[in-house]
>>> print(open('upload_23.csv').read())   # CSV, C-alpha atoms and all ligand atoms
chain,number,residue,atom,x,y,z
J,1,MET,CA,0.0,0.0,0.0
J,2,SER,CA,1.7,3.2,-1.1
J,3,GLY,CA,2.1,6.2,1.2
J,4,GLN,CA,0.8,8.4,-1.5
J,5,ALA,CA,-2.5,6.5,-1.7
J,6,GLN,CA,-2.9,6.7,2.1
J,7,LEU,CA,-2.4,10.5,1.8
J,8,ALA,CA,-5.1,10.7,-0.8
J,9,LEU,CA,-8.0,9.8,1.4
J,10,PRO,CA,-7.2,10.3,5.1
J,11,GLY,CA,-9.6,10.4,7.9
J,12,LEU,CA,-12.5,8.8,6.2
J,13,ALA,CA,-14.5,5.8,7.4
J,14,ALA,CA,-11.5,5.0,9.6
J,15,GLU,CA,-13.5,2.2,11.1
J,16,ALA,CA,-14.2,0.5,7.8
J,17,ALA,CA,-11.8,-2.2,6.7
J,18,ALA,CA,-9.7,-0.8,3.9
J,19,GLU,CA,-9.9,-2.3,0.5
J,20,TRP,CA,-7.1,-1.3,-1.9
J,21,VAL,CA,-7.5,-1.4,-5.7
J,22,TRP,CA,-4.9,-0.5,-8.3
J,23,SER,CA,-5.8,2.6,-10.4
J,24,GLU,CA,-4.3,2.5,-13.8
J,25,GLU,CA,-5.1,6.2,-14.2
J,26,THR,CA,-3.2,7.4,-11.1
J,27,GLY,CA,-0.7,4.6,-11.0
J,28,GLU,CA,-1.3,4.1,-7.3
J,29,GLU,CA,-3.4,2.0,-5.0
J,30,ILE,CA,-6.6,3.6,-3.8
J,31,ASP,CA,-8.6,2.7,-0.7
J,32,VAL,CA,-12.0,2.5,-2.3
J,33,THR,CA,-13.8,1.7,1.0
J,34,ALA,CA,-12.8,5.2,2.1
J,35,PHE,CA,-14.8,6.8,-0.8
J,36,VAL,CA,-18.0,7.3,1.1
J,37,HIS,CA,-20.3,9.8,-0.5
J,38,GLU,CA,-23.9,9.9,0.7
J,39,THR,CA,-25.9,10.2,-2.6
J,40,VAL,CA,-28.3,13.1,-2.6
J,41,MET,CA,-31.9,12.6,-3.6
J,42,ARG,CA,-31.2,9.3,-5.2
J,43,ALA,CA,-34.9,8.2,-5.5
J,44,PRO,CA,-36.2,11.5,-7.0
J,45,VAL,CA,-33.4,11.6,-9.5
J,46,VAL,CA,-34.0,8.0,-10.6
J,47,SER,CA,-37.7,8.5,-10.8
J,48,ALA,CA,-37.3,11.7,-12.8
J,49,LEU,CA,-35.3,9.7,-15.4
J,50,ALA,CA,-37.8,6.8,-15.3
J,51,PRO,CA,-35.2,4.4,-16.6
J,52,GLY,CA,-36.2,1.8,-19.3
J,53,ALA,CA,-34.3,-0.4,-21.7
J,54,GLY,CA,-32.1,2.5,-23.0
J,55,VAL,CA,-28.8,4.3,-22.6
J,56,TYR,CA,-28.4,6.9,-19.8
J,57,VAL,CA,-25.4,9.2,-19.1
J,58,ASP,CA,-24.4,10.1,-15.6
J,59,VAL,CA,-22.0,13.0,-16.1
J,60,THR,CA,-20.9,13.1,-12.5
J,61,VAL,CA,-20.7,9.4,-11.4
J,62,GLY,CA,-18.7,10.2,-8.2
J,63,GLY,CA,-19.3,7.4,-5.8
J,64,GLY,CA,-21.8,5.8,-8.2
J,65,GLY,CA,-25.0,6.2,-6.2
J,66,HIS,CA,-27.2,7.6,-9.0
J,67,THR,CA,-25.8,5.3,-11.6
J,68,GLU,CA,-26.5,2.3,-9.3
J,69,GLY,CA,-30.1,3.6,-8.9
J,70,ILE,CA,-30.6,3.7,-12.7
J,71,LEU,CA,-29.1,0.3,-13.2
J,72,GLU,CA,-31.2,-1.2,-10.5
J,73,ALA,CA,-34.4,0.4,-11.8
J,74,HIS,CA,-34.4,-1.4,-15.1
J,75,PRO,CA,-32.5,-4.6,-16.0
J,76,GLU,CA,-31.8,-3.4,-19.5
J,77,ALA,CA,-30.7,0.1,-18.7
J,78,ARG,CA,-27.1,1.0,-19.6
J,79,VAL,CA,-25.1,3.9,-18.3
J,80,ILE,CA,-22.2,5.9,-19.6
J,81,ALA,CA,-20.6,7.2,-16.4
J,82,LEU,CA,-18.3,10.2,-16.6
J,83,ASP,CA,-16.1,11.9,-14.0
J,84,ARG,CA,-13.0,14.0,-14.2
J,85,ASP,CA,-11.6,12.6,-10.9
J,86,ASP,CA,-9.5,9.4,-11.1
J,87,VAL,CA,-10.2,8.5,-7.5
J,88,ALA,CA,-14.0,8.8,-7.9
J,89,LEU,CA,-13.8,6.7,-11.1
J,90,ALA,CA,-11.8,4.0,-9.3
J,91,ALA,CA,-14.3,3.9,-6.5
J,92,ALA,CA,-17.3,3.8,-8.8
J,93,LYS,CA,-15.8,1.0,-10.9
J,94,GLU,CA,-15.4,-1.1,-7.8
J,95,ARG,CA,-18.9,-0.4,-6.5
J,96,LEU,CA,-20.6,-0.9,-9.9
J,97,ALA,CA,-18.6,-4.0,-10.9
J,98,PRO,CA,-21.6,-6.3,-10.3
J,99,PHE,CA,-23.3,-4.6,-13.2
J,100,GLY,CA,-20.6,-5.7,-15.7
J,101,ASP,CA,-20.7,-4.1,-19.1
J,102,ARG,CA,-24.0,-2.4,-18.5
J,103,VAL,CA,-21.8,0.6,-17.3
J,104,THR,CA,-19.0,2.2,-19.3
J,105,PHE,CA,-16.7,4.6,-17.5
J,106,VAL,CA,-15.1,7.6,-19.2
J,107,LYS,CA,-12.6,10.0,-17.6
J,108,THR,CA,-13.6,13.3,-19.0
J,109,PRO,CA,-14.9,16.7,-18.0
J,110,PHE,CA,-18.6,16.7,-18.7
J,111,GLY,CA,-18.2,19.8,-21.0
J,112,ASP,CA,-16.9,17.2,-23.4
J,113,VAL,CA,-20.0,15.0,-23.1
J,114,VAL,CA,-20.7,15.1,-26.9
J,115,SER,CA,-17.3,13.7,-27.8
J,116,ALA,CA,-17.5,11.2,-25.0
J,117,LEU,CA,-20.8,9.9,-26.3
J,118,ALA,CA,-19.5,9.9,-29.9
J,119,ALA,CA,-16.5,7.8,-28.8
J,120,ALA,CA,-19.0,5.3,-27.4
J,121,GLY,CA,-20.8,5.3,-30.8
J,122,LEU,CA,-23.7,7.4,-29.6
J,123,SER,CA,-25.2,10.7,-30.7
J,124,GLU,CA,-28.3,10.6,-28.4
J,125,VAL,CA,-29.2,9.1,-25.1
J,126,ASP,CA,-32.5,8.4,-23.3
J,127,GLY,CA,-31.6,10.4,-20.2
J,128,LEU,CA,-28.9,12.3,-18.4
J,129,CYS,CA,-28.3,13.1,-14.8
J,130,ALA,CA,-25.8,15.5,-13.2
J,131,ASP,CA,-25.1,15.9,-9.5
J,132,LEU,CA,-23.0,19.1,-9.6
J,133,GLY,CA,-20.1,20.2,-7.5
J,134,VAL,CA,-17.8,18.1,-5.3
J,135,SER,CA,-18.2,14.9,-3.4
J,136,SER,CA,-17.7,14.5,0.3
J,137,PRO,CA,-14.5,12.5,-0.2
J,138,GLN,CA,-13.1,15.3,-2.3
J,139,LEU,CA,-13.9,17.8,0.4
J,140,ASP,CA,-12.8,15.6,3.3
J,141,ASP,CA,-9.4,14.8,1.8
J,142,ALA,CA,-7.0,17.3,3.2
J,143,ALA,CA,-4.5,16.5,0.4
J,144,ARG,CA,-6.9,18.0,-2.2
J,145,GLY,CA,-7.0,21.3,-0.5
J,146,MET,CA,-10.7,22.0,-0.9
J,147,SER,CA,-11.5,22.4,2.8
J,148,PHE,CA,-10.6,25.2,5.1
J,149,ARG,CA,-11.0,22.9,8.0
J,150,ARG,CA,-8.2,20.6,7.0
J,151,GLU,CA,-4.6,21.5,6.4
J,152,GLY,CA,-3.4,20.7,3.0
J,153,PRO,CA,-1.9,22.2,-0.2
J,154,ILE,CA,-3.9,25.0,-1.8
J,155,ASP,CA,-4.8,22.7,-4.8
J,156,MET,CA,-8.6,22.3,-5.3
J,157,ARG,CA,-8.4,20.5,-8.7
J,158,MET,CA,-10.9,17.8,-9.2
J,159,ASP,CA,-8.6,16.3,-11.9
J,160,ARG,CA,-5.1,16.3,-10.4
J,161,SER,CA,-3.5,15.0,-13.6
J,162,GLY,CA,-3.1,18.5,-14.9
J,163,GLY,CA,-4.1,22.2,-14.8
J,164,GLU,CA,-3.5,25.1,-12.5
J,165,THR,CA,-3.8,24.7,-8.7
J,166,ALA,CA,-5.6,27.3,-6.6
J,167,LEU,CA,-2.3,28.6,-5.3
J,168,GLU,CA,-0.9,29.0,-8.9
J,169,LEU,CA,-4.1,30.8,-9.8
J,170,VAL,CA,-3.8,33.2,-6.8
J,171,ASP,CA,-0.2,33.8,-7.8
J,172,ARG,CA,-1.0,34.5,-11.5
J,173,LEU,CA,-4.0,36.9,-10.9
J,174,SER,CA,-3.7,40.5,-10.0
J,175,ASP,CA,-5.4,41.8,-6.8
J,176,ASP,CA,-8.3,43.1,-8.9
J,177,GLU,CA,-8.7,39.9,-10.9
J,178,LEU,CA,-8.7,37.8,-7.7
J,179,ALA,CA,-11.2,40.1,-6.1
J,180,ASP,CA,-13.5,39.7,-9.1
J,181,ILE,CA,-13.4,35.9,-8.9
J,182,ILE,CA,-14.2,36.0,-5.2
J,183,PHE,CA,-17.0,38.5,-5.8
J,184,HIS,CA,-18.6,36.6,-8.7
J,185,TYR,CA,-18.1,33.0,-7.8
J,186,GLY,CA,-18.3,33.4,-4.0
J,187,GLU,CA,-20.9,36.2,-4.0
J,188,GLU,CA,-18.6,37.7,-1.4
J,189,LYS,CA,-19.1,41.4,-0.8
J,190,ARG,CA,-15.8,41.8,1.0
J,191,SER,CA,-13.9,40.5,-2.0
J,192,ARG,CA,-11.4,43.4,-2.4
J,193,ARG,CA,-10.2,43.3,1.2
J,194,ILE,CA,-9.9,39.5,1.1
J,195,ALA,CA,-8.0,39.5,-2.3
J,196,ARG,CA,-5.5,42.1,-0.9
J,197,SER,CA,-4.9,40.1,2.2
J,198,VAL,CA,-4.4,36.8,0.3
J,199,LYS,CA,-1.9,38.4,-2.1
J,200,ARG,CA,0.0,40.0,0.8
J,201,ALA,CA,0.3,36.7,2.5
J,202,LEU,CA,1.6,35.2,-0.7
J,203,ALA,CA,4.2,38.0,-1.1
J,204,GLU,CA,5.3,37.5,2.5
J,205,GLY,CA,5.8,33.7,2.0
J,206,GLN,CA,2.9,33.1,4.4
J,207,LEU,CA,0.6,31.3,2.0
J,208,VAL,CA,1.4,27.6,1.8
J,209,THR,CA,-1.5,25.6,3.1
J,210,THR,CA,-5.3,25.8,3.2
J,211,LEU,CA,-5.1,27.0,6.8
J,212,ASP,CA,-2.8,29.8,5.8
J,213,LEU,CA,-5.4,30.8,3.2
J,214,ARG,CA,-8.1,30.8,5.8
J,215,ARG,CA,-5.9,32.9,8.2
J,216,ALA,CA,-5.4,35.5,5.4
J,217,ILE,CA,-9.2,35.7,4.9
J,218,VAL,CA,-9.9,36.0,8.6
J,219,ARG,CA,-7.2,38.7,8.8
J,220,ALA,CA,-9.2,40.7,6.2
J,221,VAL,CA,-12.8,40.2,7.5
J,222,GLY,CA,-12.5,39.0,11.1
J,223,PRO,CA,-13.4,35.6,12.5
J,224,VAL,CA,-17.1,36.3,12.8
J,225,ARG,CA,-19.3,33.6,11.3
J,226,VAL,CA,-22.0,35.2,9.2
J,227,GLY,CA,-25.2,33.2,9.7
J,228,GLY,CA,-23.2,30.3,11.1
J,229,VAL,CA,-21.0,30.2,8.0
J,230,ASP,CA,-17.3,30.3,8.3
J,231,PRO,CA,-15.8,33.5,6.8
J,232,ALA,CA,-13.6,31.4,4.5
J,233,THR,CA,-16.6,29.5,3.0
J,234,ARG,CA,-17.3,31.9,0.1
J,235,THR,CA,-13.7,32.5,-0.9
J,236,PHE,CA,-12.9,28.7,-0.9
J,237,GLN,CA,-16.0,28.1,-3.0
J,238,ALA,CA,-15.0,30.8,-5.5
J,239,LEU,CA,-11.5,29.5,-5.9
J,240,ARG,CA,-12.7,26.0,-6.4
J,241,ILE,CA,-15.2,27.1,-9.1
J,242,ALA,CA,-12.5,29.1,-10.8
J,243,VAL,CA,-9.8,26.3,-10.7
J,244,ASN,CA,-12.2,23.7,-12.1
J,245,GLY,CA,-14.0,26.1,-14.6
J,246,GLU,CA,-17.2,24.8,-13.0
J,247,LEU,CA,-19.6,27.3,-14.5
J,248,ASP,CA,-18.1,27.1,-18.0
J,249,GLN,CA,-18.3,23.4,-17.8
J,250,LEU,CA,-22.0,23.6,-16.8
J,251,GLU,CA,-22.8,26.1,-19.5
J,252,THR,CA,-21.2,23.8,-22.2
J,253,LEU,CA,-23.1,20.8,-20.9
J,254,LEU,CA,-26.4,22.6,-20.8
J,255,GLY,CA,-25.8,23.9,-24.3
J,256,ALA,CA,-25.3,20.4,-25.6
J,257,LEU,CA,-28.5,18.9,-23.9
J,258,PRO,CA,-31.0,19.5,-26.7
J,259,ARG,CA,-28.6,17.8,-29.1
J,260,ILE,CA,-27.9,14.7,-27.0
J,261,ILE,CA,-31.2,13.9,-25.3
J,262,ARG,CA,-33.6,12.1,-27.7
J,263,VAL,CA,-37.2,13.3,-28.0
J,264,ASP,CA,-39.1,12.0,-25.0
J,265,GLY,CA,-35.8,11.6,-23.1
J,266,ARG,CA,-35.2,13.1,-19.7
J,267,VAL,CA,-32.7,15.2,-17.8
J,268,ALA,CA,-32.3,15.5,-14.0
J,269,ILE,CA,-29.9,18.0,-12.6
J,270,LEU,CA,-29.0,18.6,-9.0
J,271,SER,CA,-27.4,21.9,-8.2
J,272,PHE,CA,-26.0,23.2,-4.9
J,273,HIS,CA,-25.8,27.0,-5.1
J,274,SER,CA,-27.6,29.8,-6.8
J,275,LEU,CA,-25.0,30.3,-9.6
J,276,GLU,CA,-25.5,26.8,-10.8
J,277,ASP,CA,-29.2,26.7,-10.3
J,278,ARG,CA,-29.7,30.0,-12.3
J,279,LEU,CA,-27.9,28.5,-15.3
J,280,VAL,CA,-29.9,25.2,-15.1
J,281,LYS,CA,-33.2,27.0,-14.8
J,282,ARG,CA,-32.4,29.2,-17.8
J,283,ALA,CA,-31.3,26.3,-19.9
J,284,LEU,CA,-34.5,24.3,-19.3
J,285,HIS,CA,-36.7,27.3,-19.8
J,286,ASP,CA,-37.4,26.9,-23.5
J,287,ARG,CA,-40.9,25.4,-23.7
J,288,ASP,CA,-40.3,24.4,-27.4
J,289,VAL,CA,-37.6,22.0,-26.2
J,290,TRP,CA,-38.3,21.0,-22.6
J,291,GLU,CA,-41.4,20.2,-20.6
J,292,PRO,CA,-40.6,20.5,-16.8
J,293,LEU,CA,-41.4,17.3,-14.9
J,294,THR,CA,-42.3,19.3,-11.7
J,295,LYS,CA,-43.6,22.9,-11.4
J,296,LYS,CA,-40.9,23.9,-8.9
J,297,PRO,CA,-37.5,22.4,-8.2
J,298,VAL,CA,-37.6,19.5,-5.9
J,299,VAL,CA,-35.7,19.8,-2.6
J,300,ALA,CA,-34.6,17.1,-0.1
J,301,THR,CA,-37.0,15.9,2.6
J,302,GLU,CA,-36.4,17.1,6.1
J,303,GLU,CA,-35.4,13.6,7.0
J,304,GLU,CA,-32.7,13.5,4.3
J,305,GLY,CA,-31.5,17.0,5.2
J,306,ALA,CA,-31.1,15.9,8.8
J,307,ALA,CA,-29.2,12.8,7.8
J,308,ASN,CA,-27.0,14.4,5.1
J,309,PRO,CA,-26.4,18.2,5.6
J,310,ARG,CA,-25.1,18.4,2.0
J,311,ALA,CA,-28.7,17.6,0.8
J,312,ARG,CA,-30.1,20.7,2.4
J,313,SER,CA,-28.8,23.0,-0.3
J,314,ALA,CA,-29.7,20.8,-3.2
J,315,LYS,CA,-32.3,21.7,-5.9
J,316,LEU,CA,-33.4,19.1,-8.5
J,317,ARG,CA,-34.6,20.4,-11.8
J,318,SER,CA,-35.9,17.8,-14.3
J,319,ALA,CA,-37.5,18.0,-17.7
J,320,ARG,CA,-38.6,15.9,-20.7
J,321,ARG,CA,-37.3,16.6,-24.1
J,322,ILE,CA,-40.1,17.5,-26.5
J,323,VAL,CA,-40.6,18.9,-30.0
J,324,ARG,CA,-43.5,21.1,-29.9
J,325,ILE,CA,-45.3,21.2,-33.2
J,326,ALA,CA,-46.9,24.5,-33.9
J,327,ALA,CA,-50.7,24.4,-34.1
J,328,SER,CA,-51.6,25.1,-37.7
J,329,PRO,CA,-54.9,25.4,-39.6
J,330,TRP,CA,-53.5,22.9,-42.1
J,331,GLY,CA,-52.8,20.2,-39.4
J,332,ALA,CA,-49.4,19.1,-38.0
J,333,ALA,CA,-46.4,21.1,-39.2
J,334,PRO,CA,-44.4,19.4,-41.9
J,335,GLU,CA,-41.0,17.8,-41.0
J,336,THR,CA,-39.1,20.8,-42.4
J,337,SER,CA,-41.0,23.5,-40.5
J,338,GLY,CA,-39.0,26.3,-39.0
J,339,ILE,CA,-39.8,25.2,-35.5
J,340,HIS,CA,-38.7,21.6,-36.2
J,341,ARG,CA,-35.5,22.9,-37.7
J,342,LYS,CA,-34.9,25.3,-34.8
J,343,VAL,CA,-35.1,22.4,-32.3
J,344,ARG,CA,-33.2,19.9,-34.4
J,345,ASP,CA,-30.3,22.3,-35.2
J,346,ARG,CA,-29.7,23.3,-31.6
B,1,LIG,C1,-21.5,15.2,-6.0
B,1,LIG,S1,-20.4,14.2,-6.7
B,1,LIG,C2,-21.4,13.0,-7.5
B,1,LIG,C3,-21.9,11.9,-6.5
B,1,LIG,C4,-22.7,10.8,-7.2
B,1,LIG,N1,-23.9,11.3,-7.9
B,1,LIG,C5,-23.0,9.7,-6.2
B,1,LIG,O1,-24.2,9.4,-6.0
B,1,LIG,O2,-22.1,9.1,-5.6
B,1,LIG,C6,-19.8,15.1,-8.0
B,1,LIG,C7,-18.8,14.4,-8.9
B,1,LIG,O3,-18.8,15.1,-10.1
B,1,LIG,C8,-17.5,15.2,-10.6
B,1,LIG,N2,-17.4,16.4,-11.4
B,1,LIG,C9,-17.7,17.7,-11.0
B,1,LIG,N3,-17.5,18.5,-12.1
B,1,LIG,C10,-17.2,17.7,-13.1
B,1,LIG,C11,-17.0,18.0,-14.5
B,1,LIG,N4,-17.0,19.2,-15.0
B,1,LIG,N5,-16.8,17.0,-15.3
B,1,LIG,C12,-16.7,15.7,-14.8
B,1,LIG,N6,-16.9,15.4,-13.5
B,1,LIG,C13,-17.2,16.4,-12.7
B,1,LIG,C14,-16.6,15.3,-9.3
B,1,LIG,O4,-15.3,14.9,-9.5
B,1,LIG,C15,-17.4,14.4,-8.4
B,1,LIG,O5,-16.9,13.1,-8.4
>>> encode(input="upload_23.csv", output="structure tokens")
Amino acid sequence: MSGQAQLALPGLAAEAAAEWVWSEETGEEIDVTAFVHETVMRAPVVSALAPGAGVYVDVTVGGGGHTEGILEAHPEARVIALDRDDVALAAAKERLAPFGDRVTFVKTPFGDVVSALAAAGLSEVDGLCADLGVSSPQLDDAARGMSFRREGPIDMRMDRSGGETALELVDRLSDDELADIIFHYGEEKRSRRIARSVKRALAEGQLVTTLDLRRAIVRAVGPVRVGGVDPATRTFQALRIAVNGELDQLETLLGALPRIIRVDGRVAILSFHSLEDRLVKRALHDRDVWEPLTKKPVVATEEEGAANPRARSAKLRSARRIVRIAASPWGAAPETSGIHRKVRDR
């Protein structure tokens, strides 16, 4: 068992017996028993997709909970399971092994979903689910640097095989650029003060770990929790969104939906903050393309929220792909009508 692999997932499910599997992607052993992610709104997501004998894509397979739900719901359902995180994929492969070749794993950012499906010989699918953001194991693993509660490198990448870390990003940006990111992605009003303090800490050699980053934030705005929320929460969220290009990824995915969901197919998207939810709401707004499955977004039950705090901020939006044929005095619109073309060419 490699020291590196142990470092990858510390502190999780310590009581569980470790089970190490070799990951070809990371070239290390990964303790998959440590990858414990409580799936949010599993039943509502699966029932929104209403799985049948078709192909579904789970663009954020993570620990595999939603994919497992789809595969269990119908014996002839197949899933293309995407994730950009090698550790998540290794854990999902292990958990979903009993389903054999009914599930195909692809390491890719979901912004590239069209090419991932094309590589699997598909242009359309019967349904798609997305459970946005990060998983509990990603947050809980100090070595990934996403949590201000655990000391680790200021990294924050979901895919550690490449790209800029949060520390490199902070170093590259000017004070103003950093403040803009904190303001827009963290919806943090005190962004300028925080950005200046973080850049000063970096210049003084005082910005090495996540706890240093939190200290620089607290130095700027004080230790007071606003509404019970740690003062570092918004800045950490902002940097994570920026490092992983989370909103760009989401916009690309949403733009591709009308092309990859077959008519009568369904989408179910779980978002965890207003920036994400706004984009999802706007994308599913076009009544020529989507018919919402519920009037309002579905939220977790009180019971689920009590058992899994992460579920409390979740919103599920789901819709069925339609082609609305314009009412015409001559009957149904012909195949080549403007509306049909508009939908088809999206
Ligand atoms: C909340 S978890 C999913 C949990 C999963 N639904 C389950 O039940 O176990 C989100 C997952 O999405 C992945 N992810 C986030 N953004 C991504 C992106 N742009 N492309 C691919 N995967 C992404 C993360 O790496 C993480 O594993």
>>> residues_near_ligand(input="upload_23.csv", ligand="ligand LIG 1 (chain B)", cutoff="8 Å", atoms="all atoms listed in the file", output="PyMOL selection string")
chain J and resi 37-40+42+58-67+82-85+88-89+92+107-111+130-136+138+158-159+244-246+249-250
>>> atom_distance(input="upload_23.csv", atom1="CA of Leu257 (chain J)", atom2="CA of Leu284 (chain J)")
9.3 Å
>>> closest_residue(input="upload_23.csv", among="J:Val198, J:Asp212, J:Asp175, J:Val243", to="Gly163 (chain J)", atoms="only C-alpha atoms")
J:Val243
>>> closest_residue(input="upload_23.csv", among="J:Asp140, J:Pro51, J:Leu316, J:Val221", to="Ala268 (chain J)", atoms="only C-alpha atoms")
J:Leu316
>>> residues_around(input="upload_23.csv", residues="Val289 (chain J)", least_positions_apart="2", cutoff="6 Å", atoms="only C-alpha atoms", output="list in words")
Asp286, Arg287, Arg321, Ile322 and Val323 of chain J
>>> write_last_selection(input="upload_23.csv", atoms="C-alpha atoms", output="PDB file, in the frame of the given file")
ATOM      1  CA  ASP J 286     -37.400  26.900 -23.500  1.00  0.00           C
ATOM      2  CA  ARG J 287     -40.900  25.400 -23.700  1.00  0.00           C
ATOM      3  CA  ARG J 321     -37.300  16.600 -24.100  1.00  0.00           C
ATOM      4  CA  ILE J 322     -40.100  17.500 -26.500  1.00  0.00           C
ATOM      5  CA  VAL J 323     -40.600  18.900 -30.000  1.00  0.00           C
TER       6      VAL J 323
END
>>> residues_around(input="upload_23.csv", residues="Ala232 (chain J)", least_positions_apart="6", cutoff="9 Å", atoms="all atoms listed in the file", output="PyMOL selection string")
chain J and resi 148+213-215+217-218
>>> residues_around(input="upload_23.csv", residues="Leu178 (chain J)", least_positions_apart="4", cutoff="9 Å", atoms="only C-alpha atoms", output="ChimeraX atom specification")
/J:169-170,173-174,182-183,191-192,195-196,199,239
>>> closest_residue(input="upload_23.csv", among="J:His285, J:Arg200, J:Arg78, J:Arg278", to="Val125 (chain J)", atoms="all atoms listed in the file")
J:Arg78
